[in-house]
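Trainee: There's a structure below that I have some questions on.
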Amino acid sequence: MLRFLHTADLHLGAAFDMLPPEKAEKAQAYQFTALEHLVRVATREDVNCILIAGNLFHAPTPAANLFSRAMSILAQAPCPVFLSPGKHDFIHAQSPYQTNVLPKNVHIFTGASLESVHLNKDTAVWGAALQERTTNIPLSHETFSHPINLCVLHSDLRSKNGCNHYTADNLAKSGFSYFAAGGSHTATGLQRTGSTIFCSSGGLAALSEQEIGAKGFLLIQIENTIKAQFIESKALQFARIEIDLTPIPSDVGLQKVLIDRIPKKPGHICASVILTGERIYEPNVTALRRVLDQVFFSCTVSNETIPKKPLWRYLQQDDIRGAVSRRYRDLIEAAASSEEKEDLTHALRFALAAFDEDSMPTLS
């Protein structure tokens, strides 16, 4: 049985410049917490190796203290660590991957073509390095001499125009047992093409509010079959929370709704709270933001609501809006049930919104 961790795209040294300076510094610290967690899991799960598919760092020449700290953490792993430099930390003449003494257990693939490293009697690990942001690495390789062959490469498997992209046919012809990709910050899940299982682990850390949801890495087990377990990262995450204000009568009611929508462990989450719908009161956005900024790592609040307009505002007008309003009034008064009245009321609201060229009201 073979067990290993597959991760990518931690982006150590990212600026997090959407945050205030003191919180950006904490976000950067959480990245190292995530790397330390990865090593602890490797120890706990007694894995054979760790595969890092690029972008461990956010820049090709990271600050010396960032590089040394990351290598010190990886040196504590109880197994070999294999890293394939990616789009952000690509190999170049002054790359610290080439100019620094690395921990004995850390192997950096620095060539522009695939090379293999013996892991154990059954397994070899293959990899290469992006030499610049737009490098394409051929999947051609020497004849396999091990029954299990892992390949770790920075490769965006989702987009044909993505960095170092491969098609399913490319991967099938490669013959690798497992292809560990990085480059896409969204995990793909295990997929098969030919005899090759391939996967993007997604980003170990989120870098912007567009990257919503849990980030993490994969524990892969190869025995008779290949299994993957997602393990959540300790890095910063982003969440988007939309609240329909239409049925909410007050800030007290809004707080009750929000309490049920707050994710677990909010202290590691940058939240974007968006208020939508037709409001019947003016929410205190400043106070709400102040409170939520104490709950979450950070929080922005956007009020995208519109005032709820009186239903019968055009009833006395001598135009098509007035005619439609009067017709619906008669239908509502003649309705046989409360459900029918509600449906007709919604229909009138939609009709008047269309006349006024307003956003369509929310059904409540």
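Naming works like this for the structure tokens: A, B, ... for the chains as they're shown, residue 1 at the start of each chain, ligands 1 onward in shown order.
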Could you please write out, as a PyMOL selection string, every residue of stretch 121-155 of chain A that DSSP assigns to strand (DSSP E)?
Mentor: chain A and resi 123-127+148-154
Trainee: Applying 12 Å and only C-alpha atoms, which residues near A:Ser195 remain after dropping the ones on its own chain fewer than 3 positions away? List them as a list in words.
Mentor: Ile148, Asn149, Ala168, Asp169, Asn170, Leu171, Ala172, Lys173, Ser174, Gly175, Phe176, Ser177, Tyr178, Phe179, Gln191, Arg192, Phe198, Thr225 and Ile226 of chain A
Trainee: Could you give me, as a Markdown table, every stretch 145-249 of chain A residue with an atom at most 12 Å from stretch 300-307 of chain A, plus its closest atom pair and distance in Å to one decimal, counting only C-alpha atoms, rows ordered by chain then number?
Mentor:
| residue | atom | partner | partner_atom | distance |
| --- | --- | --- | --- | --- |
| A:Glu209 | CA | A:Thr300 | CA | 10.5 |
| A:Phe238 | CA | A:Thr300 | CA | 11.2 |
| A:Ala239 | CA | A:Thr300 | CA | 10.6 |
| A:Arg240 | CA | A:Thr300 | CA | 9.8 |
| A:Ile241 | CA | A:Val301 | CA | 9.5 |
| A:Glu242 | CA | A:Ser302 | CA | 9.5 |
| A:Ile243 | CA | A:Asn303 | CA | 9.8 |
| A:Asp244 | CA | A:Thr305 | CA | 8.3 |
| A:Leu245 | CA | A:Thr305 | CA | 7.3 |
| A:Thr246 | CA | A:Thr305 | CA | 8.5 |
| A:Ile248 | CA | A:Thr305 | CA | 11.8 |
Trainee: Based on the selection just made, write N, CA and C atoms of those residues as an mmCIF file, in the first residue's frame.
Mentor:
data_model
loop_
_atom_site.group_PDB
_atom_site.id
_atom_site.type_symbol
_atom_site.label_atom_id
_atom_site.label_comp_id
_atom_site.auth_asym_id
_atom_site.auth_seq_id
_atom_site.Cartn_x
_atom_site.Cartn_y
_atom_site.Cartn_z
ATOM 1 N N GLU A 209 -11.263 36.995 -2.726
ATOM 2 C CA GLU A 209 -12.667 36.727 -2.426
ATOM 3 C C GLU A 209 -13.351 35.940 -3.532
ATOM 4 N N PHE A 238 -12.210 32.268 2.210
ATOM 5 C CA PHE A 238 -13.147 33.337 1.882
ATOM 6 C C PHE A 238 -14.550 32.745 1.783
ATOM 7 N N ALA A 239 -15.536 33.523 2.199
ATOM 8 C CA ALA A 239 -16.931 33.082 2.136
ATOM 9 C C ALA A 239 -17.805 34.231 1.663
ATOM 10 N N ARG A 240 -18.846 33.887 0.912
ATOM 11 C CA ARG A 240 -19.835 34.861 0.444
ATOM 12 C C ARG A 240 -21.180 34.483 1.048
ATOM 13 N N ILE A 241 -21.787 35.404 1.777
ATOM 14 C CA ILE A 241 -23.051 35.137 2.450
ATOM 15 C C ILE A 241 -24.090 36.140 1.956
ATOM 16 N N GLU A 242 -25.086 35.654 1.226
ATOM 17 C CA GLU A 242 -26.167 36.518 0.729
ATOM 18 C C GLU A 242 -27.376 36.390 1.635
ATOM 19 N N ILE A 243 -27.907 37.517 2.045
ATOM 20 C CA ILE A 243 -29.086 37.552 2.910
ATOM 21 C C ILE A 243 -30.188 38.327 2.200
ATOM 22 N N ASP A 244 -31.335 37.663 1.992
ATOM 23 C CA ASP A 244 -32.501 38.328 1.397
ATOM 24 C C ASP A 244 -33.222 39.103 2.485
ATOM 25 N N LEU A 245 -33.220 40.426 2.387
ATOM 26 C CA LEU A 245 -33.788 41.279 3.426
ATOM 27 C C LEU A 245 -35.313 41.424 3.297
ATOM 28 N N THR A 246 -35.883 40.905 2.212
ATOM 29 C CA THR A 246 -37.315 41.114 1.946
ATOM 30 C C THR A 246 -38.210 40.739 3.131
ATOM 31 N N ILE A 248 -37.361 40.352 6.275
ATOM 32 C CA ILE A 248 -36.752 40.679 7.568
ATOM 33 C C ILE A 248 -37.191 42.085 7.993
#
Trainee: Mind dumping a table of every stretch 16-92 of chain A residue within 10 Å of stretch 218-221 of chain A, with the nearest atom pair and its distance in Å to one decimal, using only C-alpha atoms, sorted by chain and rising number, as a Markdown table?
Mentor:
| residue | atom | partner | partner_atom | distance |
| --- | --- | --- | --- | --- |
| A:Leu38 | CA | A:Leu218 | CA | 9.9 |
| A:Val41 | CA | A:Leu219 | CA | 9.0 |
| A:Ala42 | CA | A:Leu219 | CA | 8.8 |
| A:Glu45 | CA | A:Leu219 | CA | 8.6 |
| A:Val47 | CA | A:Leu219 | CA | 8.5 |
| A:Ile50 | CA | A:Leu219 | CA | 9.3 |
| A:Leu51 | CA | A:Leu218 | CA | 9.9 |
Trainee: Calculated over only C-alpha atoms, which of the candidates A:Tyr328, A:Phe217, A:Tyr314, A:Phe350 has the smallest distance to A:Ala205?
Mentor: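 Closest to A:Ala205, using only C-alpha atoms: A:Phe217.
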Trainee: Which residues are close to A:Leu153, i.e. within 9 Å by only C-alpha atoms, leaving aside same-chain residues fewer than 3 positions away? Reply as a list in words.
Mentor: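 After dropping sequence-adjacent residues, the list is Ile52, Ala53, Gly54, Leu83, Ser84, Pro85, Gly86, Trp126, Gly127, Ala128, Ala129, Leu130, Ile137, Asn164, Phe179, Ala180, Ala181, Gly182 and Gly183 of chain A.
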Trainee: For each of A:Thr135, A:Gln317, A:Asn48, A:Gln237, take the minimum atom-to-atom distance to A:Arg3, counting only C-alpha atoms, then give the residue where this is smallest.
Mentor: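 Of A:Thr135, A:Gln317, A:Asn48, A:Gln237, the one nearest A:Arg3, counting only C-alpha atoms, is A:Asn48.
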Trainee: Can you tell me, as a ChimeraX atom specification, what residues are no more than 7 Å from A:Lys87 when counting only C-alpha atoms, ignoring any on the same chain fewer than 6 positions away?
Mentor: /A:55,130,132-133
Trainee: Per DSSP on the backbone, what are the alpha helix (DSSP H) residues of stretch 167-226 of chain A, as a PyMOL selection string?
Mentor: chain A and resi 168-174
Trainee: Atom CA of A:Val291 and atom CA of A:Ile269 are how many Å apart?
Mentor: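 Between atom CA of A:Val291 and atom CA of A:Ile269 the gap works out to 14.6 Å.
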Trainee: Which polymer residues have any atom within 9 Å of an atom of A:Arg40, counting only C-alpha atoms, with same-chain residues fewer than 4 positions away left out, as a CSV table (one decimal) with all heavy atoms, in the first residue's frame?
Mentor:
chain,number,residue,atom,x,y,z
A,35,LEU,N,1.2,25.1,6.3
A,35,LEU,CA,2.3,24.2,5.9
A,35,LEU,C,2.7,23.3,7.1
A,35,LEU,O,3.0,22.1,6.9
A,35,LEU,CB,3.5,25.0,5.4
A,35,LEU,CG,4.6,24.3,4.8
A,35,LEU,CD1,4.2,23.6,3.5
A,35,LEU,CD2,5.8,25.2,4.5
A,36,GLU,N,2.7,23.9,8.3
A,36,GLU,CA,3.0,23.1,9.5
A,36,GLU,C,1.9,22.0,9.7
A,36,GLU,O,2.2,20.8,10.0
A,36,GLU,CB,3.0,24.0,10.7
A,36,GLU,CG,4.2,24.9,10.7
A,36,GLU,CD,4.1,26.0,11.7
A,36,GLU,OE1,3.0,26.3,12.2
A,36,GLU,OE2,5.1,26.7,12.0
A,44,ARG,N,1.2,12.0,11.2
A,44,ARG,CA,0.1,11.3,11.8
A,44,ARG,C,-0.4,10.1,10.9
A,44,ARG,O,-0.7,9.0,11.4
A,44,ARG,CB,-1.1,12.2,12.0
A,44,ARG,CG,-2.3,11.6,12.7
A,44,ARG,CD,-3.5,12.6,12.7
A,44,ARG,NE,-4.1,12.7,11.4
A,44,ARG,CZ,-4.7,13.8,11.0
A,44,ARG,NH1,-4.9,14.8,11.8
A,44,ARG,NH2,-5.3,13.9,9.8
A,45,GLU,N,-0.4,10.3,9.6
A,45,GLU,CA,-0.9,9.3,8.6
A,45,GLU,C,0.2,8.4,8.1
A,45,GLU,O,0.0,7.5,7.3
A,45,GLU,CB,-1.6,10.0,7.5
A,45,GLU,CG,-2.8,10.9,7.8
A,45,GLU,CD,-3.9,10.0,8.3
A,45,GLU,OE1,-4.0,8.8,8.0
A,45,GLU,OE2,-4.8,10.6,9.0
A,76,GLN,N,11.0,18.9,8.7
A,76,GLN,CA,10.4,18.2,9.8
A,76,GLN,C,9.5,17.0,9.3
A,76,GLN,O,9.0,16.2,10.1
A,76,GLN,CB,9.6,19.1,10.7
A,76,GLN,CG,10.5,20.2,11.3
A,76,GLN,CD,9.7,21.2,12.1
A,76,GLN,OE1,8.6,20.9,12.7
A,76,GLN,NE2,10.1,22.5,12.0
A,77,ALA,N,9.2,17.0,8.0
A,77,ALA,CA,8.4,15.9,7.5
A,77,ALA,C,9.1,14.6,7.7
A,77,ALA,O,10.3,14.5,7.5
A,77,ALA,CB,8.1,16.1,6.0
